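The next block is target_33.pdb, given as PDB, C-alpha atoms.
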MODEL        1
ATOM      1  CA  GLN U   1     -21.916  -1.340 -13.041  1.00  0.00           C
ATOM      2  CA  VAL U   2     -19.200  -2.059 -10.504  1.00  0.00           C
ATOM      3  CA  GLN U   3     -15.734  -0.789 -11.351  1.00  0.00           C
ATOM      4  CA  LEU U   4     -12.598  -1.248  -9.276  1.00  0.00           C
ATOM      5  CA  VAL U   5      -9.513   0.808 -10.061  1.00  0.00           C
ATOM      6  CA  GLU U   6      -6.263  -0.104  -8.361  1.00  0.00           C
ATOM      7  CA  SER U   7      -3.171   2.005  -7.944  1.00  0.00           C
ATOM      8  CA  GLY U   8       0.010   2.122  -5.923  1.00  0.00           C
ATOM      9  CA  GLY U   9       2.005  -0.830  -7.190  1.00  0.00           C
ATOM     10  CA  GLY U  10       5.614  -0.566  -8.225  1.00  0.00           C
ATOM     11  CA  LEU U  11       9.179  -1.623  -7.587  1.00  0.00           C
ATOM     12  CA  VAL U  12      10.611  -1.480  -4.082  1.00  0.00           C
ATOM     13  CA  GLN U  13      13.602  -2.926  -2.294  1.00  0.00           C
ATOM     14  CA  ALA U  14      13.204  -5.584   0.355  1.00  0.00           C
ATOM     15  CA  GLY U  15      12.251  -4.014   3.666  1.00  0.00           C
ATOM     16  CA  GLY U  16      10.465  -1.156   1.966  1.00  0.00           C
ATOM     17  CA  SER U  17       6.804  -0.182   1.925  1.00  0.00           C
ATOM     18  CA  LEU U  18       4.029   0.389  -0.575  1.00  0.00           C
ATOM     19  CA  ARG U  19       0.394   1.336  -0.242  1.00  0.00           C
ATOM     20  CA  LEU U  20      -2.155  -0.022  -2.674  1.00  0.00           C
ATOM     21  CA  SER U  21      -5.478   1.713  -3.245  1.00  0.00           C
ATOM     22  CA  CYS U  22      -8.679   0.347  -4.741  1.00  0.00           C
ATOM     23  CA  ALA U  23     -11.338   2.889  -5.656  1.00  0.00           C
ATOM     24  CA  ALA U  24     -14.760   1.377  -6.200  1.00  0.00           C
ATOM     25  CA  SER U  25     -17.696   2.821  -8.090  1.00  0.00           C
ATOM     26  CA  GLY U  26     -21.171   1.480  -8.684  1.00  0.00           C
ATOM     27  CA  ILE U  27     -21.113  -0.523  -5.463  1.00  0.00           C
ATOM     28  CA  SER U  28     -23.742  -0.971  -2.833  1.00  0.00           C
ATOM     29  CA  ARG U  29     -23.095   0.448   0.623  1.00  0.00           C
ATOM     30  CA  SER U  30     -23.947  -2.965   1.923  1.00  0.00           C
ATOM     31  CA  PHE U  31     -21.440  -5.613   0.930  1.00  0.00           C
ATOM     32  CA  ASN U  32     -19.940  -8.816   2.188  1.00  0.00           C
ATOM     33  CA  ALA U  33     -16.266  -8.056   1.808  1.00  0.00           C
ATOM     34  CA  MET U  34     -13.581  -6.208  -0.068  1.00  0.00           C
ATOM     35  CA  GLY U  35      -9.969  -7.081  -0.184  1.00  0.00           C
ATOM     36  CA  TRP U  36      -6.887  -8.142  -2.036  1.00  0.00           C
ATOM     37  CA  TYR U  37      -5.666 -11.292  -3.683  1.00  0.00           C
ATOM     38  CA  ARG U  38      -2.303 -11.780  -5.305  1.00  0.00           C
ATOM     39  CA  GLN U  39      -0.893 -14.072  -7.945  1.00  0.00           C
ATOM     40  CA  ALA U  40       2.743 -14.760  -8.650  1.00  0.00           C
ATOM     41  CA  PRO U  41       3.845 -16.431 -11.916  1.00  0.00           C
ATOM     42  CA  GLY U  42       3.091 -20.143 -11.912  1.00  0.00           C
ATOM     43  CA  THR U  43       1.015 -20.002  -8.730  1.00  0.00           C
ATOM     44  CA  GLN U  44      -2.651 -19.848  -7.848  1.00  0.00           C
ATOM     45  CA  ARG U  45      -4.292 -16.614  -6.810  1.00  0.00           C
ATOM     46  CA  GLU U  46      -4.256 -16.365  -3.018  1.00  0.00           C
ATOM     47  CA  LEU U  47      -6.086 -14.201  -0.529  1.00  0.00           C
ATOM     48  CA  VAL U  48      -3.888 -11.553   1.051  1.00  0.00           C
ATOM     49  CA  ALA U  49      -6.339  -9.577   3.169  1.00  0.00           C
ATOM     50  CA  ARG U  50     -10.025  -8.822   3.388  1.00  0.00           C
ATOM     51  CA  ILE U  51     -12.311  -6.486   5.267  1.00  0.00           C
ATOM     52  CA  THR U  52     -15.977  -7.273   5.757  1.00  0.00           C
ATOM     53  CA  GLY U  53     -18.939  -4.952   5.635  1.00  0.00           C
ATOM     54  CA  GLY U  54     -18.902  -5.044   9.416  1.00  0.00           C
ATOM     55  CA  GLY U  55     -15.247  -4.020   9.553  1.00  0.00           C
ATOM     56  CA  SER U  56     -13.679  -7.349  10.484  1.00  0.00           C
ATOM     57  CA  THR U  57     -10.331  -8.101   8.898  1.00  0.00           C
ATOM     58  CA  ASN U  58      -8.538 -11.276   7.904  1.00  0.00           C
ATOM     59  CA  TYR U  59      -4.974 -11.779   6.705  1.00  0.00           C
ATOM     60  CA  ALA U  60      -2.930 -14.511   5.150  1.00  0.00           C
ATOM     61  CA  ASP U  61      -0.434 -15.934   7.615  1.00  0.00           C
ATOM     62  CA  SER U  62       2.410 -14.850   5.357  1.00  0.00           C
ATOM     63  CA  VAL U  63       1.514 -11.151   5.634  1.00  0.00           C
ATOM     64  CA  ARG U  64       0.004 -10.849   9.099  1.00  0.00           C
ATOM     65  CA  GLY U  65       1.845  -8.228  11.112  1.00  0.00           C
ATOM     66  CA  ARG U  66       3.325  -6.618   7.990  1.00  0.00           C
ATOM     67  CA  PHE U  67       0.244  -5.675   5.932  1.00  0.00           C
ATOM     68  CA  THR U  68      -2.769  -3.662   7.045  1.00  0.00           C
ATOM     69  CA  ILE U  69      -6.070  -3.378   5.207  1.00  0.00           C
ATOM     70  CA  SER U  70      -8.340  -0.400   5.777  1.00  0.00           C
ATOM     71  CA  ARG U  71     -11.197   1.384   4.069  1.00  0.00           C
ATOM     72  CA  ASP U  72     -12.535   4.886   3.629  1.00  0.00           C
ATOM     73  CA  ASN U  73     -16.288   4.594   3.279  1.00  0.00           C
ATOM     74  CA  ALA U  74     -16.684   8.196   2.162  1.00  0.00           C
ATOM     75  CA  LYS U  75     -14.346   7.564  -0.777  1.00  0.00           C
ATOM     76  CA  ASN U  76     -15.436   3.959  -1.436  1.00  0.00           C
ATOM     77  CA  THR U  77     -11.766   3.075  -1.287  1.00  0.00           C
ATOM     78  CA  VAL U  78      -9.893   0.184   0.263  1.00  0.00           C
ATOM     79  CA  TYR U  79      -6.185   0.410   1.066  1.00  0.00           C
ATOM     80  CA  LEU U  80      -3.482  -2.154   1.639  1.00  0.00           C
ATOM     81  CA  GLN U  81      -0.489  -0.811   3.528  1.00  0.00           C
ATOM     82  CA  MET U  82       2.426  -3.160   2.948  1.00  0.00           C
ATOM     83  CA  ASN U  83       5.467  -2.839   5.176  1.00  0.00           C
ATOM     84  CA  SER U  84       8.641  -4.887   5.537  1.00  0.00           C
ATOM     85  CA  LEU U  85       8.195  -6.181   2.030  1.00  0.00           C
ATOM     86  CA  LYS U  86       9.970  -9.361   0.994  1.00  0.00           C
ATOM     87  CA  PRO U  87      10.914 -10.678  -2.458  1.00  0.00           C
ATOM     88  CA  GLU U  88       8.279 -13.391  -2.020  1.00  0.00           C
ATOM     89  CA  ASP U  89       5.618 -10.678  -1.918  1.00  0.00           C
ATOM     90  CA  THR U  90       6.273 -10.056  -5.600  1.00  0.00           C
ATOM     91  CA  ALA U  91       3.032 -10.657  -7.496  1.00  0.00           C
ATOM     92  CA  VAL U  92       0.155  -9.017  -9.289  1.00  0.00           C
ATOM     93  CA  TYR U  93      -2.256  -7.762  -6.646  1.00  0.00           C
ATOM     94  CA  TYR U  94      -5.975  -7.780  -7.422  1.00  0.00           C
ATOM     95  CA  CYS U  95      -8.647  -5.893  -5.576  1.00  0.00           C
ATOM     96  CA  TYR U  96     -12.022  -7.571  -5.241  1.00  0.00           C
ATOM     97  CA  PHE U  97     -15.501  -6.625  -4.111  1.00  0.00           C
ATOM     98  CA  GLN U  98     -18.019  -9.228  -2.982  1.00  0.00           C
ATOM     99  CA  SER U  99     -21.741  -8.733  -2.680  1.00  0.00           C
ATOM    100  CA  ILE U 100     -24.075 -11.116  -4.500  1.00  0.00           C
ATOM    101  CA  ASN U 101     -21.371 -11.370  -7.165  1.00  0.00           C
ATOM    102  CA  VAL U 102     -17.619 -10.968  -7.052  1.00  0.00           C
ATOM    103  CA  TYR U 103     -15.944  -8.195  -8.999  1.00  0.00           C
ATOM    104  CA  TRP U 104     -12.242  -7.818  -9.731  1.00  0.00           C
ATOM    105  CA  GLY U 105      -9.898  -4.980 -10.487  1.00  0.00           C
ATOM    106  CA  GLN U 106      -7.403  -5.106 -13.325  1.00  0.00           C
ATOM    107  CA  GLY U 107      -4.439  -5.869 -11.083  1.00  0.00           C
ATOM    108  CA  THR U 108      -1.350  -3.919 -10.131  1.00  0.00           C
ATOM    109  CA  GLN U 109       2.195  -5.262 -10.190  1.00  0.00           C
ATOM    110  CA  VAL U 110       4.250  -5.266  -7.013  1.00  0.00           C
ATOM    111  CA  THR U 111       7.904  -6.188  -7.392  1.00  0.00           C
ATOM    112  CA  VAL U 112      10.222  -6.485  -4.405  1.00  0.00           C
ATOM    113  CA  SER U 113      13.920  -6.723  -5.158  1.00  0.00           C
ATOM    114  CA  ALA U 114      16.359  -8.470  -2.854  1.00  0.00           C
TER     115      ALA U 114
ENDMDL
END

When written as structure tokens, how does the structure in this file appear?
Amino acid sequence: QVQLVESGGGLVQAGGSLRLSCAASGISRSFNAMGWYRQAPGTQRELVARITGGGSTNYADSVRGRFTISRDNAKNTVYLQMNSLKPEDTAVYYCYFQSINVYWGQGTQVTVSA
């Protein structure tokens, strides 16, 4: 059974940094993609960043140049380094893992104060 456990969210001032972690268990070494979505109140969940099984990365335009996604295969962990945070980055961030199915973490709150 696939389990994704996120950590690293919190409260930070604008311009600050946070690093989110997503530790996966029960996953196959071969997968399509892992990454992060986010959802702010009253909005749809949106893709923030993803990394494919081959190591390619994609970012939302709103975070490109500020956020970096990476993975540690030995630890089955994906990271999202978030720099130069803005109040509009405030949301619940969800880790996901995609193989044949899509699995989601429980979400971690990121709040950026002005």

Give me the stretch 63-96 of chain U side of the contact with stretch 7-26 of chain U, cut-off 7 Å, one line per residue showing its nearest atom pair and distance in Å at one decimal, counting only C-alpha atoms, sorted by chain and residue number, as CSV.
residue,atom,partner,partner_atom,distance
U:Asn76,CA,U:Ala24,CA,5.5
U:Thr77,CA,U:Ala23,CA,4.4
U:Val78,CA,U:Cys22,CA,5.2
U:Tyr79,CA,U:Ser21,CA,4.6
U:Leu80,CA,U:Leu20,CA,5.0
U:Gln81,CA,U:Arg19,CA,4.4
U:Met82,CA,U:Leu18,CA,5.3
U:Asn83,CA,U:Ser17,CA,4.4
U:Ser84,CA,U:Gly15,CA,4.2
U:Leu85,CA,U:Gly15,CA,4.9
U:Lys86,CA,U:Ala14,CA,5.0
U:Pro87,CA,U:Ala14,CA,6.3
U:Cys95,CA,U:Cys22,CA,6.3

Would you mind exporting the chosen residues as a short mmCIF file (atom, residue, chain, number, x, y, z; two decimals), in the frame of the given file, restricted to C-alpha atoms?
data_model
loop_
_atom_site.label_atom_id
_atom_site.label_comp_id
_atom_site.auth_asym_id
_atom_site.auth_seq_id
_atom_site.Cartn_x
_atom_site.Cartn_y
_atom_site.Cartn_z
CA ASN U 76 -15.44 3.96 -1.44
CA THR U 77 -11.77 3.08 -1.29
CA VAL U 78 -9.89 0.18 0.26
CA TYR U 79 -6.18 0.41 1.07
CA LEU U 80 -3.48 -2.15 1.64
CA GLN U 81 -0.49 -0.81 3.53
CA MET U 82 2.43 -3.16 2.95
CA ASN U 83 5.47 -2.84 5.18
CA SER U 84 8.64 -4.89 5.54
CA LEU U 85 8.20 -6.18 2.03
CA LYS U 86 9.97 -9.36 0.99
CA PRO U 87 10.91 -10.68 -2.46
CA CYS U 95 -8.65 -5.89 -5.58
#

Contacts of U:Phe31 at 10 Å (all atoms listed in the file; same-chain gap of 5+ positions) as a PyMOL selection string: chain U and resi 52-54+97-101

Ref. answer, residues at most 7 Å from (-21.0, -1.9, -7.3) with only C-alpha atoms, as a PDB file with C-alpha atoms, keeping the file's coordinate frame:
ATOM      1  CA  GLN U   1     -21.916  -1.340 -13.041  1.00  0.00           C
ATOM      2  CA  VAL U   2     -19.200  -2.059 -10.504  1.00  0.00           C
ATOM      3  CA  GLN U   3     -15.734  -0.789 -11.351  1.00  0.00           C
ATOM      4  CA  SER U  25     -17.696   2.821  -8.090  1.00  0.00           C
ATOM      5  CA  GLY U  26     -21.171   1.480  -8.684  1.00  0.00           C
ATOM      6  CA  ILE U  27     -21.113  -0.523  -5.463  1.00  0.00           C
ATOM      7  CA  SER U  28     -23.742  -0.971  -2.833  1.00  0.00           C
TER       8      SER U  28
END

Non-local contacts of stretch 105-108 of chain U (7 Å; only C-alpha atoms; under 6 positions in same chain excluded) as a list in words: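 Residues meeting the cut-off are Leu4, Val5, Glu6, Ser7, Gly9, Val92, Tyr93, Tyr94, Cys95 and Tyr96 of chain U.
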
d(atom CA of U:Gln109, atom CA of U:Ser62) in Å: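 Taking atom CA of U:Gln109 as the start and atom CA of U:Ser62 as the end point, the length is 18.3 Å.
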
Nearby residues (only C-alpha atoms) at most 7 Å from U:Thr90, same-chain spacing under 4 positions excluded, as a ChimeraX atom specification: /U:40,110-112

Pairwise distance for atom CA of U:Asn32 and atom CA of U:Thr57, rounded to one decimal in Å: 11.7 Å

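Taking atom CA of U:Gly35 and atom CA of U:Ala114 as endpoints, the distance between them is 26.5 Å.
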
Residue nearest U:Tyr103 among U:Gly42, U:Tyr59, U:Ser30, U:Trp36 (counting only C-alpha atoms):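 Residue with the minimum atom-to-atom distance to U:Tyr103: U:Trp36.
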
Put the listed atoms of stretch 41-60 of chain U in a box along x, y and z with 6 Å added on every side and give me the centre and edge lengths in Å to one decimal, as AutoDock Vina command-line options.
--center_x -7.5 --center_y -12.1 --center_z -0.7 --size_x 34.8 --size_y 28.1 --size_z 34.4

Using all atoms listed in the file: which of U:Val102, U:Tyr37, U:Gly55, U:Thr43 has the shortest distance to U:Ser70: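 Nearest candidate to U:Ser70 out of U:Val102, U:Tyr37, U:Gly55, U:Thr43: U:Gly55.
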